[in-house]
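**Student:** Data: model38.txt, compact mmCIF, N, CA, C and O atoms.
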# COMPACT_ATOMS: atom_id res chain seq x y z
N MET A 1 12.31 -22.13 39.53
CA MET A 1 13.01 -22.14 38.28
C MET A 1 13.05 -20.73 37.71
O MET A 1 12.04 -20.06 37.64
N SER A 2 14.18 -20.27 37.34
CA SER A 2 14.28 -18.96 36.70
C SER A 2 14.63 -19.18 35.23
O SER A 2 15.24 -20.16 34.85
N SER A 3 14.23 -18.24 34.42
CA SER A 3 14.50 -18.36 32.99
C SER A 3 15.32 -17.16 32.54
O SER A 3 15.28 -16.09 33.13
N GLN A 4 16.04 -17.35 31.47
CA GLN A 4 16.85 -16.27 30.89
C GLN A 4 15.95 -15.39 30.04
O GLN A 4 15.23 -15.88 29.18
N ILE A 5 15.98 -14.09 30.28
CA ILE A 5 15.17 -13.15 29.52
C ILE A 5 16.10 -12.07 28.99
O ILE A 5 16.89 -11.50 29.75
N ASN A 6 15.98 -11.77 27.71
CA ASN A 6 16.84 -10.75 27.09
C ASN A 6 16.52 -9.37 27.64
O ASN A 6 15.41 -9.09 28.08
N ALA A 7 17.47 -8.48 27.54
CA ALA A 7 17.29 -7.12 28.03
C ALA A 7 16.28 -6.36 27.19
O ALA A 7 15.70 -5.39 27.65
N SER A 8 16.05 -6.78 25.94
CA SER A 8 15.11 -6.05 25.08
C SER A 8 13.67 -6.22 25.52
O SER A 8 12.82 -5.46 25.13
N SER A 9 13.38 -7.22 26.36
CA SER A 9 12.01 -7.42 26.78
C SER A 9 11.71 -6.74 28.10
O SER A 9 10.64 -6.90 28.65
N LYS A 10 12.65 -5.97 28.65
CA LYS A 10 12.42 -5.27 29.91
C LYS A 10 11.60 -4.02 29.66
O LYS A 10 11.78 -3.33 28.67
N ASP A 11 10.74 -3.72 30.60
CA ASP A 11 9.89 -2.54 30.52
C ASP A 11 10.67 -1.34 31.04
O ASP A 11 11.04 -1.30 32.21
N THR A 12 10.95 -0.36 30.19
CA THR A 12 11.75 0.78 30.61
C THR A 12 10.93 1.88 31.25
O THR A 12 11.48 2.87 31.70
N ALA A 13 9.61 1.73 31.31
CA ALA A 13 8.76 2.78 31.87
C ALA A 13 8.86 2.83 33.39
O ALA A 13 8.59 3.85 34.00
N SER A 14 9.24 1.76 34.04
CA SER A 14 9.30 1.76 35.49
C SER A 14 10.74 1.64 35.95
O SER A 14 11.62 1.17 35.24
N ASN A 15 10.99 2.06 37.18
CA ASN A 15 12.33 1.99 37.74
C ASN A 15 12.64 0.60 38.31
O ASN A 15 13.76 0.33 38.68
N GLN A 16 11.65 -0.25 38.42
CA GLN A 16 11.82 -1.54 39.05
C GLN A 16 12.28 -2.61 38.09
O GLN A 16 12.42 -3.76 38.47
N GLU A 17 12.53 -2.28 36.83
CA GLU A 17 12.98 -3.23 35.82
C GLU A 17 12.03 -4.43 35.72
O GLU A 17 12.45 -5.57 35.74
N SER A 18 10.73 -4.16 35.63
CA SER A 18 9.78 -5.26 35.48
C SER A 18 9.94 -5.89 34.11
O SER A 18 10.28 -5.23 33.14
N VAL A 19 9.73 -7.17 34.04
CA VAL A 19 9.96 -7.94 32.83
C VAL A 19 8.63 -8.48 32.32
O VAL A 19 7.86 -9.04 33.09
N ARG A 20 8.39 -8.29 31.01
CA ARG A 20 7.16 -8.81 30.40
C ARG A 20 7.46 -10.20 29.86
O ARG A 20 8.27 -10.35 28.96
N THR A 21 6.83 -11.17 30.41
CA THR A 21 7.00 -12.55 29.96
C THR A 21 5.73 -13.02 29.29
O THR A 21 4.68 -12.37 29.41
N PRO A 22 5.75 -14.13 28.57
CA PRO A 22 4.52 -14.61 27.93
C PRO A 22 3.40 -14.89 28.92
O PRO A 22 2.24 -14.85 28.57
N GLN A 23 3.72 -15.14 30.18
CA GLN A 23 2.68 -15.42 31.17
C GLN A 23 1.85 -14.19 31.50
O GLN A 23 0.72 -14.31 31.92
N ASN A 24 2.40 -12.99 31.33
CA ASN A 24 1.62 -11.80 31.67
C ASN A 24 1.32 -10.92 30.46
O ASN A 24 1.10 -9.74 30.60
N GLU A 25 1.34 -11.46 29.28
CA GLU A 25 1.00 -10.69 28.09
C GLU A 25 -0.50 -10.38 28.05
O GLU A 25 -0.90 -9.25 27.93
N ASN A 26 -1.34 -11.39 28.09
CA ASN A 26 -2.80 -11.23 28.08
C ASN A 26 -3.38 -12.04 29.22
O ASN A 26 -2.89 -13.12 29.53
N ASN A 27 -4.45 -11.53 29.80
CA ASN A 27 -5.14 -12.35 30.78
C ASN A 27 -6.13 -13.26 30.07
O ASN A 27 -6.33 -13.17 28.86
N LEU A 28 -6.74 -14.15 30.80
CA LEU A 28 -7.61 -15.16 30.21
C LEU A 28 -8.83 -14.54 29.53
O LEU A 28 -9.21 -14.94 28.43
N ALA A 29 -9.42 -13.54 30.16
CA ALA A 29 -10.64 -12.94 29.58
C ALA A 29 -10.34 -12.28 28.24
O ALA A 29 -11.12 -12.42 27.29
N THR A 30 -9.23 -11.59 28.13
CA THR A 30 -8.86 -10.95 26.87
C THR A 30 -8.61 -11.99 25.79
O THR A 30 -9.04 -11.83 24.64
N SER A 31 -7.93 -13.07 26.15
CA SER A 31 -7.65 -14.12 25.18
C SER A 31 -8.94 -14.78 24.70
O SER A 31 -9.07 -15.08 23.51
N VAL A 32 -9.88 -15.00 25.60
CA VAL A 32 -11.15 -15.62 25.22
C VAL A 32 -11.94 -14.70 24.30
O VAL A 32 -12.51 -15.15 23.29
N VAL A 33 -11.96 -13.41 24.61
CA VAL A 33 -12.70 -12.45 23.77
C VAL A 33 -12.08 -12.39 22.37
O VAL A 33 -12.81 -12.40 21.37
N LEU A 34 -10.76 -12.34 22.29
CA LEU A 34 -10.10 -12.30 20.98
C LEU A 34 -10.35 -13.59 20.20
O LEU A 34 -10.56 -13.56 18.99
N PHE A 35 -10.36 -14.73 20.88
CA PHE A 35 -10.64 -15.99 20.22
C PHE A 35 -12.08 -16.01 19.68
O PHE A 35 -12.32 -16.45 18.55
N VAL A 36 -13.02 -15.54 20.47
CA VAL A 36 -14.43 -15.54 20.04
C VAL A 36 -14.61 -14.63 18.83
O VAL A 36 -15.33 -14.99 17.88
N ILE A 37 -13.96 -13.47 18.82
CA ILE A 37 -14.07 -12.56 17.68
C ILE A 37 -13.53 -13.22 16.41
O ILE A 37 -14.17 -13.20 15.36
N CYS A 38 -12.34 -13.80 16.51
CA CYS A 38 -11.73 -14.41 15.32
C CYS A 38 -12.49 -15.65 14.87
O CYS A 38 -12.63 -15.89 13.67
N PHE A 39 -13.01 -16.42 15.81
CA PHE A 39 -13.77 -17.61 15.44
C PHE A 39 -15.11 -17.21 14.81
O PHE A 39 -15.58 -17.88 13.88
N ALA A 40 -15.71 -16.11 15.27
CA ALA A 40 -16.94 -15.62 14.66
C ALA A 40 -16.70 -15.17 13.22
O ALA A 40 -17.53 -15.40 12.33
N LEU A 41 -15.55 -14.53 12.98
CA LEU A 41 -15.21 -14.16 11.60
C LEU A 41 -15.05 -15.39 10.72
O LEU A 41 -15.51 -15.43 9.58
N PHE A 42 -14.41 -16.42 11.25
CA PHE A 42 -14.22 -17.66 10.51
C PHE A 42 -15.56 -18.34 10.22
O PHE A 42 -15.82 -18.78 9.09
N LEU A 43 -16.44 -18.42 11.22
CA LEU A 43 -17.75 -19.04 11.00
C LEU A 43 -18.60 -18.21 10.05
O LEU A 43 -19.39 -18.76 9.26
N GLY A 44 -18.45 -16.88 10.09
CA GLY A 44 -19.16 -16.02 9.14
C GLY A 44 -18.70 -16.28 7.72
O GLY A 44 -19.50 -16.24 6.78
N ALA A 45 -17.41 -16.56 7.55
CA ALA A 45 -16.89 -16.88 6.22
C ALA A 45 -17.49 -18.17 5.71
O ALA A 45 -17.89 -18.27 4.54
N ILE A 46 -17.58 -19.16 6.58
CA ILE A 46 -18.18 -20.44 6.16
C ILE A 46 -19.67 -20.27 5.88
O ILE A 46 -20.20 -20.81 4.90
N TYR A 47 -20.38 -19.50 6.73
CA TYR A 47 -21.82 -19.29 6.54
C TYR A 47 -22.11 -18.54 5.24
O TYR A 47 -23.13 -18.79 4.59
N SER A 48 -21.23 -17.63 4.84
CA SER A 48 -21.47 -16.87 3.62
C SER A 48 -21.46 -17.77 2.38
O SER A 48 -22.05 -17.42 1.36
N LEU A 49 -20.81 -18.91 2.47
CA LEU A 49 -20.80 -19.83 1.33
C LEU A 49 -22.16 -20.47 1.07
O LEU A 49 -22.40 -20.97 -0.03
N SER A 50 -23.05 -20.44 2.05
CA SER A 50 -24.38 -21.00 1.83
C SER A 50 -25.20 -20.16 0.85
O SER A 50 -26.20 -20.65 0.31
N PHE A 51 -24.81 -18.94 0.62
CA PHE A 51 -25.52 -18.06 -0.33
C PHE A 51 -24.87 -18.04 -1.71
O PHE A 51 -25.30 -17.31 -2.59
N LEU A 52 -23.83 -18.82 -1.90
CA LEU A 52 -23.08 -18.81 -3.16
C LEU A 52 -23.85 -19.50 -4.27
O LEU A 52 -24.36 -20.61 -4.11
N THR A 53 -23.99 -18.82 -5.40
CA THR A 53 -24.58 -19.39 -6.61
C THR A 53 -23.67 -19.02 -7.78
O THR A 53 -22.77 -18.20 -7.65
N LEU A 54 -23.91 -19.63 -8.92
CA LEU A 54 -23.11 -19.32 -10.10
C LEU A 54 -23.36 -17.91 -10.60
O LEU A 54 -22.49 -17.30 -11.23
N GLY A 55 -24.53 -17.37 -10.33
CA GLY A 55 -24.85 -16.03 -10.80
C GLY A 55 -24.47 -14.92 -9.83
O GLY A 55 -24.52 -13.74 -10.18
N ASN A 56 -24.11 -15.28 -8.60
CA ASN A 56 -23.81 -14.27 -7.59
C ASN A 56 -22.45 -14.56 -6.95
O ASN A 56 -22.33 -15.40 -6.07
N PRO A 57 -21.41 -13.85 -7.35
CA PRO A 57 -20.07 -14.12 -6.79
C PRO A 57 -19.79 -13.41 -5.47
O PRO A 57 -18.76 -13.66 -4.85
N TRP A 58 -20.67 -12.53 -5.00
CA TRP A 58 -20.38 -11.74 -3.81
C TRP A 58 -20.24 -12.56 -2.54
O TRP A 58 -19.43 -12.21 -1.67
N PRO A 59 -21.00 -13.64 -2.35
CA PRO A 59 -20.75 -14.44 -1.14
C PRO A 59 -19.33 -15.02 -1.07
O PRO A 59 -18.76 -15.12 0.00
N MET A 60 -18.75 -15.36 -2.23
CA MET A 60 -17.37 -15.84 -2.23
C MET A 60 -16.41 -14.72 -1.88
O MET A 60 -15.42 -14.94 -1.17
N ALA A 61 -16.69 -13.51 -2.34
CA ALA A 61 -15.84 -12.37 -1.99
C ALA A 61 -15.92 -12.09 -0.49
O ALA A 61 -14.90 -11.82 0.16
N VAL A 62 -17.12 -12.16 0.07
CA VAL A 62 -17.28 -11.98 1.51
C VAL A 62 -16.56 -13.08 2.27
O VAL A 62 -15.89 -12.84 3.28
N CYS A 63 -16.67 -14.31 1.78
CA CYS A 63 -15.99 -15.44 2.42
C CYS A 63 -14.49 -15.24 2.44
O CYS A 63 -13.84 -15.43 3.48
N LEU A 64 -13.91 -14.85 1.33
CA LEU A 64 -12.48 -14.63 1.26
C LEU A 64 -12.04 -13.48 2.17
O LEU A 64 -11.00 -13.55 2.83
N GLY A 65 -12.84 -12.42 2.22
CA GLY A 65 -12.51 -11.29 3.09
C GLY A 65 -12.56 -11.65 4.56
O GLY A 65 -11.65 -11.32 5.33
N LEU A 66 -13.63 -12.32 4.98
CA LEU A 66 -13.75 -12.72 6.38
C LEU A 66 -12.70 -13.75 6.77
O LEU A 66 -12.14 -13.72 7.87
N PHE A 67 -12.43 -14.67 5.85
CA PHE A 67 -11.42 -15.69 6.11
C PHE A 67 -10.04 -15.05 6.27
O PHE A 67 -9.27 -15.41 7.17
N ALA A 68 -9.72 -14.08 5.43
CA ALA A 68 -8.44 -13.39 5.54
C ALA A 68 -8.35 -12.60 6.84
O ALA A 68 -7.30 -12.61 7.50
N LEU A 69 -9.43 -11.94 7.23
CA LEU A 69 -9.44 -11.21 8.50
C LEU A 69 -9.27 -12.13 9.69
O LEU A 69 -8.59 -11.80 10.67
N ALA A 70 -9.92 -13.31 9.63
CA ALA A 70 -9.85 -14.24 10.74
C ALA A 70 -8.44 -14.73 11.00
O ALA A 70 -8.10 -15.09 12.12
N PHE A 71 -7.60 -14.75 9.99
CA PHE A 71 -6.22 -15.19 10.17
C PHE A 71 -5.23 -14.03 10.23
O PHE A 71 -4.19 -14.13 10.88
N TRP A 72 -5.52 -12.91 9.59
CA TRP A 72 -4.61 -11.78 9.57
C TRP A 72 -4.62 -11.02 10.89
O TRP A 72 -3.57 -10.61 11.38
N LEU A 73 -5.81 -10.80 11.46
CA LEU A 73 -5.91 -10.05 12.71
C LEU A 73 -5.10 -10.67 13.85
O LEU A 73 -4.33 -9.95 14.50
N PRO A 74 -5.23 -11.96 14.13
CA PRO A 74 -4.44 -12.50 15.25
C PRO A 74 -2.94 -12.50 14.99
O PRO A 74 -2.15 -12.39 15.93
N GLN A 75 -2.55 -12.62 13.75
CA GLN A 75 -1.11 -12.70 13.47
C GLN A 75 -0.44 -11.33 13.44
O GLN A 75 0.76 -11.23 13.67
N THR A 76 -1.20 -10.28 13.16
CA THR A 76 -0.58 -8.96 13.04
C THR A 76 -1.05 -8.00 14.12
O THR A 76 -0.24 -7.48 14.87
N ILE A 77 -2.33 -7.77 14.22
CA ILE A 77 -2.86 -6.77 15.13
C ILE A 77 -2.86 -7.27 16.57
O ILE A 77 -2.38 -6.59 17.48
N PHE A 78 -3.39 -8.47 16.80
CA PHE A 78 -3.51 -9.00 18.16
C PHE A 78 -2.24 -9.71 18.62
O PHE A 78 -2.09 -10.01 19.78
N GLY A 79 -1.32 -10.00 17.71
CA GLY A 79 -0.11 -10.74 18.05
C GLY A 79 0.91 -9.88 18.75
O GLY A 79 0.77 -8.66 18.88
N ARG A 80 1.98 -10.49 19.20
CA ARG A 80 3.07 -9.78 19.87
C ARG A 80 4.06 -9.32 18.82
O ARG A 80 4.90 -10.08 18.36
N SER A 81 3.97 -8.08 18.45
CA SER A 81 4.83 -7.56 17.39
C SER A 81 6.24 -7.23 17.88
O SER A 81 7.14 -7.01 17.09
N ASP A 82 6.46 -7.19 19.21
CA ASP A 82 7.77 -6.84 19.73
C ASP A 82 8.60 -8.05 20.13
O ASP A 82 9.60 -7.91 20.81
N SER A 83 8.22 -9.24 19.71
CA SER A 83 8.90 -10.44 20.18
C SER A 83 9.90 -11.00 19.16
O SER A 83 10.32 -12.13 19.27
N ALA A 84 10.28 -10.22 18.18
CA ALA A 84 11.16 -10.74 17.12
C ALA A 84 12.55 -11.09 17.65
O ALA A 84 13.15 -12.04 17.19
N GLY A 85 13.07 -10.36 18.61
CA GLY A 85 14.41 -10.60 19.08
C GLY A 85 14.51 -11.48 20.31
O GLY A 85 15.57 -11.62 20.89
N GLU A 86 13.40 -12.06 20.75
CA GLU A 86 13.42 -12.82 21.99
C GLU A 86 14.05 -14.19 21.85
O GLU A 86 14.66 -14.69 22.77
N HIS A 87 13.91 -14.83 20.71
CA HIS A 87 14.36 -16.23 20.62
C HIS A 87 15.57 -16.36 19.74
O HIS A 87 15.75 -15.95 18.73
Starting from the file, give its structure as structure tokens.

**Tutor:**
Amino acid sequence: MSSQINASSKDTASNQESVRTPQNENNLATSVVLFVICFALFLGAIYSLSFLTLGNPWPMAVCLGLFALAFWLPQTIFGRSDSAGEH
């Protein structure tokens, strides 16, 4: 089975016109490492709530920061930023 791929996704660095498809974006080890990092940030956000008291607002600030990082990093930094014109 062959699939239609736009010309914008072709790698211009090589003369062989290699095409970057979702199957060769990241290998399994890289994906697992990125998942573990983001999941650790998320669990750290939940764990920081155990220190929350009415007199100490800093654990909530840490929770919000870690929670935002856990969702912002995969969507912006680790995500495919060049895929806007593919679909």

**Student:** I'd like the contact shell of Phe67 in chain A - 7 Å cut-off, all atoms listed in the file, skipping same-chain residues fewer than 2 positions apart - returned as a ChimeraX atom specification.

**Tutor:** /A:41-42,44-46,61-65,69-72

**Student:** Hey, can you check how far CA of Gln75 in chain A sits from CA of Leu49 in chain A?

**Tutor:**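 Taking CA of Gln75 in chain A as the start and CA of Leu49 in chain A as the end point, the length is 24.2 Å.
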
**Student:** In Å to one decimal, how far is atom C of Pro59 in chain A from atom O of Tyr47 in chain A?

**Tutor:** 7.8 Å

**Student:** To one decimal place in Å, what is the distance between CA of Ile37 in chain A and CA of Thr76 in chain A?

**Tutor:**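 CA of Ile37 in chain A sits 14.7 Å away from CA of Thr76 in chain A.
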
**Student:** Can range 52-63 of chain A be brought up to all heavy atoms and written out as a PDB file, in the coordinates of the input?

**Tutor:**
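Output file out-v2.pdb is given in full below:
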ATOM      1  N   LEU A  52     -23.830 -18.820  -1.900  1.00  0.00           N
ATOM      2  CA  LEU A  52     -23.080 -18.810  -3.160  1.00  0.00           C
ATOM      3  C   LEU A  52     -23.850 -19.500  -4.270  1.00  0.00           C
ATOM      4  O   LEU A  52     -24.360 -20.610  -4.110  1.00  0.00           O
ATOM      5  CB  LEU A  52     -21.731 -19.517  -2.964  1.00  0.00           C
ATOM      6  CG  LEU A  52     -20.777 -19.515  -4.146  1.00  0.00           C
ATOM      7  CD1 LEU A  52     -20.362 -18.098  -4.492  1.00  0.00           C
ATOM      8  CD2 LEU A  52     -19.560 -20.366  -3.828  1.00  0.00           C
ATOM      9  N   THR A  53     -23.990 -18.820  -5.400  1.00  0.00           N
ATOM     10  CA  THR A  53     -24.580 -19.390  -6.610  1.00  0.00           C
ATOM     11  C   THR A  53     -23.670 -19.020  -7.780  1.00  0.00           C
ATOM     12  O   THR A  53     -22.770 -18.200  -7.650  1.00  0.00           O
ATOM     13  CB  THR A  53     -25.993 -18.832  -6.877  1.00  0.00           C
ATOM     14  OG1 THR A  53     -25.899 -17.423  -7.069  1.00  0.00           O
ATOM     15  CG2 THR A  53     -26.942 -19.145  -5.721  1.00  0.00           C
ATOM     16  N   LEU A  54     -23.910 -19.630  -8.920  1.00  0.00           N
ATOM     17  CA  LEU A  54     -23.110 -19.320 -10.100  1.00  0.00           C
ATOM     18  C   LEU A  54     -23.360 -17.910 -10.600  1.00  0.00           C
ATOM     19  O   LEU A  54     -22.490 -17.300 -11.230  1.00  0.00           O
ATOM     20  CB  LEU A  54     -23.380 -20.331 -11.208  1.00  0.00           C
ATOM     21  CG  LEU A  54     -22.857 -21.742 -10.952  1.00  0.00           C
ATOM     22  CD1 LEU A  54     -23.280 -22.668 -12.082  1.00  0.00           C
ATOM     23  CD2 LEU A  54     -21.350 -21.730 -10.808  1.00  0.00           C
ATOM     24  N   GLY A  55     -24.530 -17.370 -10.330  1.00  0.00           N
ATOM     25  CA  GLY A  55     -24.850 -16.030 -10.800  1.00  0.00           C
ATOM     26  C   GLY A  55     -24.470 -14.920  -9.830  1.00  0.00           C
ATOM     27  O   GLY A  55     -24.520 -13.740 -10.180  1.00  0.00           O
ATOM     28  N   ASN A  56     -24.110 -15.280  -8.600  1.00  0.00           N
ATOM     29  CA  ASN A  56     -23.810 -14.270  -7.590  1.00  0.00           C
ATOM     30  C   ASN A  56     -22.450 -14.560  -6.950  1.00  0.00           C
ATOM     31  O   ASN A  56     -22.330 -15.400  -6.070  1.00  0.00           O
ATOM     32  CB  ASN A  56     -24.904 -14.262  -6.519  1.00  0.00           C
ATOM     33  CG  ASN A  56     -24.749 -13.117  -5.558  1.00  0.00           C
ATOM     34  OD1 ASN A  56     -23.948 -12.219  -5.762  1.00  0.00           O
ATOM     35  ND2 ASN A  56     -25.549 -13.148  -4.491  1.00  0.00           N
ATOM     36  N   PRO A  57     -21.410 -13.850  -7.350  1.00  0.00           N
ATOM     37  CA  PRO A  57     -20.070 -14.120  -6.790  1.00  0.00           C
ATOM     38  C   PRO A  57     -19.790 -13.410  -5.470  1.00  0.00           C
ATOM     39  O   PRO A  57     -18.760 -13.660  -4.850  1.00  0.00           O
ATOM     40  CB  PRO A  57     -19.140 -13.594  -7.876  1.00  0.00           C
ATOM     41  CG  PRO A  57     -19.898 -12.465  -8.484  1.00  0.00           C
ATOM     42  CD  PRO A  57     -21.347 -12.894  -8.455  1.00  0.00           C
ATOM     43  N   TRP A  58     -20.670 -12.530  -5.000  1.00  0.00           N
ATOM     44  CA  TRP A  58     -20.380 -11.740  -3.810  1.00  0.00           C
ATOM     45  C   TRP A  58     -20.240 -12.560  -2.540  1.00  0.00           C
ATOM     46  O   TRP A  58     -19.430 -12.210  -1.670  1.00  0.00           O
ATOM     47  CB  TRP A  58     -21.412 -10.630  -3.642  1.00  0.00           C
ATOM     48  CG  TRP A  58     -21.206  -9.579  -4.681  1.00  0.00           C
ATOM     49  CD1 TRP A  58     -22.000  -9.312  -5.750  1.00  0.00           C
ATOM     50  CD2 TRP A  58     -20.097  -8.683  -4.777  1.00  0.00           C
ATOM     51  NE1 TRP A  58     -21.462  -8.304  -6.501  1.00  0.00           N
ATOM     52  CE2 TRP A  58     -20.290  -7.896  -5.922  1.00  0.00           C
ATOM     53  CE3 TRP A  58     -18.960  -8.471  -4.006  1.00  0.00           C
ATOM     54  CZ2 TRP A  58     -19.389  -6.918  -6.303  1.00  0.00           C
ATOM     55  CZ3 TRP A  58     -18.062  -7.495  -4.394  1.00  0.00           C
ATOM     56  CH2 TRP A  58     -18.284  -6.728  -5.526  1.00  0.00           C
ATOM     57  N   PRO A  59     -21.000 -13.640  -2.350  1.00  0.00           N
ATOM     58  CA  PRO A  59     -20.750 -14.440  -1.140  1.00  0.00           C
ATOM     59  C   PRO A  59     -19.330 -15.020  -1.070  1.00  0.00           C
ATOM     60  O   PRO A  59     -18.760 -15.120   0.000  1.00  0.00           O
ATOM     61  CB  PRO A  59     -21.797 -15.550  -1.221  1.00  0.00           C
ATOM     62  CG  PRO A  59     -22.907 -14.940  -1.991  1.00  0.00           C
ATOM     63  CD  PRO A  59     -22.240 -14.064  -2.999  1.00  0.00           C
ATOM     64  N   MET A  60     -18.750 -15.360  -2.230  1.00  0.00           N
ATOM     65  CA  MET A  60     -17.370 -15.840  -2.230  1.00  0.00           C
ATOM     66  C   MET A  60     -16.410 -14.720  -1.880  1.00  0.00           C
ATOM     67  O   MET A  60     -15.420 -14.940  -1.170  1.00  0.00           O
ATOM     68  CB  MET A  60     -17.008 -16.447  -3.581  1.00  0.00           C
ATOM     69  CG  MET A  60     -15.596 -16.974  -3.642  1.00  0.00           C
ATOM     70  SD  MET A  60     -15.223 -18.221  -2.405  1.00  0.00           S
ATOM     71  CE  MET A  60     -15.833 -19.671  -3.197  1.00  0.00           C
ATOM     72  N   ALA A  61     -16.690 -13.510  -2.340  1.00  0.00           N
ATOM     73  CA  ALA A  61     -15.840 -12.370  -1.990  1.00  0.00           C
ATOM     74  C   ALA A  61     -15.920 -12.090  -0.490  1.00  0.00           C
ATOM     75  O   ALA A  61     -14.900 -11.820   0.160  1.00  0.00           O
ATOM     76  CB  ALA A  61     -16.264 -11.146  -2.790  1.00  0.00           C
ATOM     77  N   VAL A  62     -17.120 -12.160   0.070  1.00  0.00           N
ATOM     78  CA  VAL A  62     -17.280 -11.980   1.510  1.00  0.00           C
ATOM     79  C   VAL A  62     -16.560 -13.080   2.270  1.00  0.00           C
ATOM     80  O   VAL A  62     -15.890 -12.840   3.280  1.00  0.00           O
ATOM     81  CB  VAL A  62     -18.787 -11.934   1.882  1.00  0.00           C
ATOM     82  CG1 VAL A  62     -18.987 -11.995   3.383  1.00  0.00           C
ATOM     83  CG2 VAL A  62     -19.426 -10.687   1.309  1.00  0.00           C
ATOM     84  N   CYS A  63     -16.670 -14.310   1.780  1.00  0.00           N
ATOM     85  CA  CYS A  63     -15.990 -15.440   2.420  1.00  0.00           C
ATOM     86  C   CYS A  63     -14.490 -15.240   2.440  1.00  0.00           C
ATOM     87  O   CYS A  63     -13.840 -15.430   3.480  1.00  0.00           O
ATOM     88  CB  CYS A  63     -16.340 -16.733   1.684  1.00  0.00           C
ATOM     89  SG  CYS A  63     -15.421 -18.162   2.269  1.00  0.00           S
TER      90      CYS A  63
END
